[in-house]
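I have placed the structure first, in the form of structure tokens, so that the comments after it can refer back to it.
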Amino acid sequence: MLSPTIYVAVHAGAGHHDKDLRRVVERAIVELEDDENLNAGTGSNLTLDGTAECDAAIMDGRTSEFGSVGAVPGVKNPIKLAKAILCHSRQFDGLGRIPPLTLVSSGARSFAMQSGLETVDPESMISKRAKEDWQKWIERYNGVRQGTMSESTALPNCAIQDTVGAVAWDSCGNVAAGVSRLAESLQISGLAGGLLLKHSGRVGEAAIFGAGCWAQQSSGGKTGVACSISDVHDVLINLLTEQFYRPAVGYGISRPNAGVLLLTAESGNSKPRLWCAFTAEGMAIAYASSEKPISKATILRRPHITSGPDLPEKQPVYITALSM
């Protein structure tokens, strides 16, 4: 029996392939979590208390099974914990207890230890860059609160980092998706670019069912969709433009950033279509397949259109499709 052809795409990283799509998604995101330059797992931006807490989720489009973790400290790879929670939901409980979809904080870490997953000293997940960024941001945060710093103080775009995620499809019609990130960011109105600090224990959209990632397919596997969300606001649970971008601007957020990586399988097409939509200036993605395992990586950027009376207003959401 021939192995199915598999396609995988990630945002902010590179692709992997495997026969189990959940494993494909997990492996891809593990690579991203282990990269200290990205805001997930090791190297995540820090909380107001100077600690690292992470969210992650994974979903199987064939079975609709879902598992997630929120605000968890000291777990080397939160996406592995999310997958372990998903797998745990299949186990029969002699007392008739309903298995969890989501575990958070110390309870999530305890479950990771019981499941044999790698747990580490939370301090070991704090990178030098994250610590330096935290010291800079906490000084500005305290300065604004104490009235010693202007709220219009601009913060550089390079300080803003965000979610990583992966979507996968195979030629049998199966789809899966996952997401991992710092356990939510806090943006203060007036500080351009936002403040990458959050209250300890805060769970972001990445861990919420139907918000951070989604995977669904038809019973025959002829059609399906898998998506992974990248954003810095809980409001992204709604639509990007009407329910996210414009309300965020109305709240005084000058540059609300959000993005979606979407893989669609359409009846009659032998390959999936990869879509990207984002409100930021750019979005980093990569994709590969079992037929072409060398990944293609790129940073998508919205085109710059000179404003004028005969030109339309710049659209808040840029959408593009890529051939895989």
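Identifiers for the structure tokens are assigned positionally: chains receive A, B, ... in sequence, residues are indexed from 1 per chain, and ligands are indexed from 1 in the order shown.
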Just want the 8 Å neighbourhood of A:Trp134, counted on only C-alpha atoms, with same-chain residues fewer than 4 positions away dropped. Output as a PyMOL selection string. chain A and resi 45-46+50+130+138+197
Contacts of stretch 100-116 of chain A within 12 Å, only C-alpha atoms, excl. fewer than 2 positions in-chain, as a PyMOL selection string: chain A and resi 52-59+64-91+93+97-98+118-122+183+200-204+206-210
For atom CA of A:Trp275 and atom CA of A:Leu262, the interatomic separation in Å (one decimal):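 Rounded to one decimal, the two atoms are 4.9 Å apart.
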What's the 12 Å shell around A:Ile6, counting only C-alpha atoms, without same-chain residues fewer than 4 positions away, as JSON, numbers by chain? {"A": [15, 16, 17, 18, 19, 20, 21, 22, 23, 24, 25, 167, 168, 169, 170, 171, 172, 173, 174, 175, 176, 270, 271, 272, 287, 288, 289, 290, 291, 292, 293, 324]}
Can you work out the spacing between atom CA of A:Gly61 and atom CA of A:Gly212 in Å, to one decimal?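 Taking atom CA of A:Gly61 and atom CA of A:Gly212, their separation equals 14.3 Å.
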